[in-house]
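Trainee: Please see the structure below; I have some questions.
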Amino acid sequence: MALIDTDCDPDLVDLPIPGNDDSIRSIELVTRMLADAVLAGKGSTAVMAKHEKDQGDEVAAEAGQA
């Protein structure tokens, strides 16, 4: 994955991100967006894991009552 502009060869990159690779503002923007996406993904994974655990606890509790 790379931030590239018109003077770069996009064939050398698996996931090109078009932008100004010489500008600190564009680099900060792209890295902030990537970091936010990672944090959102980790957060949703934690929420899903808690939900699955809670469902498992409910099933176990129901099985114990029967």
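Within each chain, counting starts at residue 1; across the structure tokens, chains are named A, B, ... in the order shown, with ligands numbered 1 upward in that order.
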With a distance cut-off of 7 Å and only C-alpha atoms, select the neighbouring residues of A:Leu3, excluding the residue or stretch itself and same-chain residues fewer than 4 positions from it, and output the selection as JSON, numbers by chain.
Mentor: {"A": [16, 17, 18, 19, 21]}
Trainee: If you keep N, CA and C atoms, can you produce a file of those selected residues as a compact mmCIF listing (two decimals), in the first residue's frame?
Mentor:
# COMPACT_ATOMS: atom_id res chain seq x y z
N PRO A 16 -2.33 1.09 -4.62
CA PRO A 16 -1.97 2.50 -4.72
C PRO A 16 -3.08 3.41 -4.20
N ILE A 17 -2.68 4.45 -3.48
CA ILE A 17 -3.60 5.48 -3.01
C ILE A 17 -3.19 6.76 -3.72
N PRO A 18 -4.01 7.24 -4.67
CA PRO A 18 -3.63 8.45 -5.39
C PRO A 18 -3.66 9.67 -4.47
N GLY A 19 -2.61 10.45 -4.53
CA GLY A 19 -2.51 11.66 -3.71
C GLY A 19 -1.15 12.28 -3.85
N ASP A 21 2.22 12.62 -2.63
CA ASP A 21 3.11 11.93 -1.69
C ASP A 21 4.22 12.82 -1.15
Trainee: Atom CA of A:Met1 and atom CA of A:Ile27 are how many Å apart?
Mentor: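 About the pair atom CA of A:Met1 and atom CA of A:Ile27: they are 12.7 Å apart.
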Trainee: Using DSSP on the backbone coordinates, identify all residues within chain A classified as strand (DSSP E); present the result as a list in words.
Mentor: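 Filtering chain A down to strand (DSSP E) leaves Ala2, Leu3, Ile4, Pro16, Ile17 and Pro18 of chain A.
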Trainee: For a test of reading the model, state the distance in Å between atom CA of A:Thr31 and atom CA of A:Ile4, rounded to one decimal.
Mentor: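 Atom CA of A:Ile4 lies 13.4 Å from atom CA of A:Thr31.
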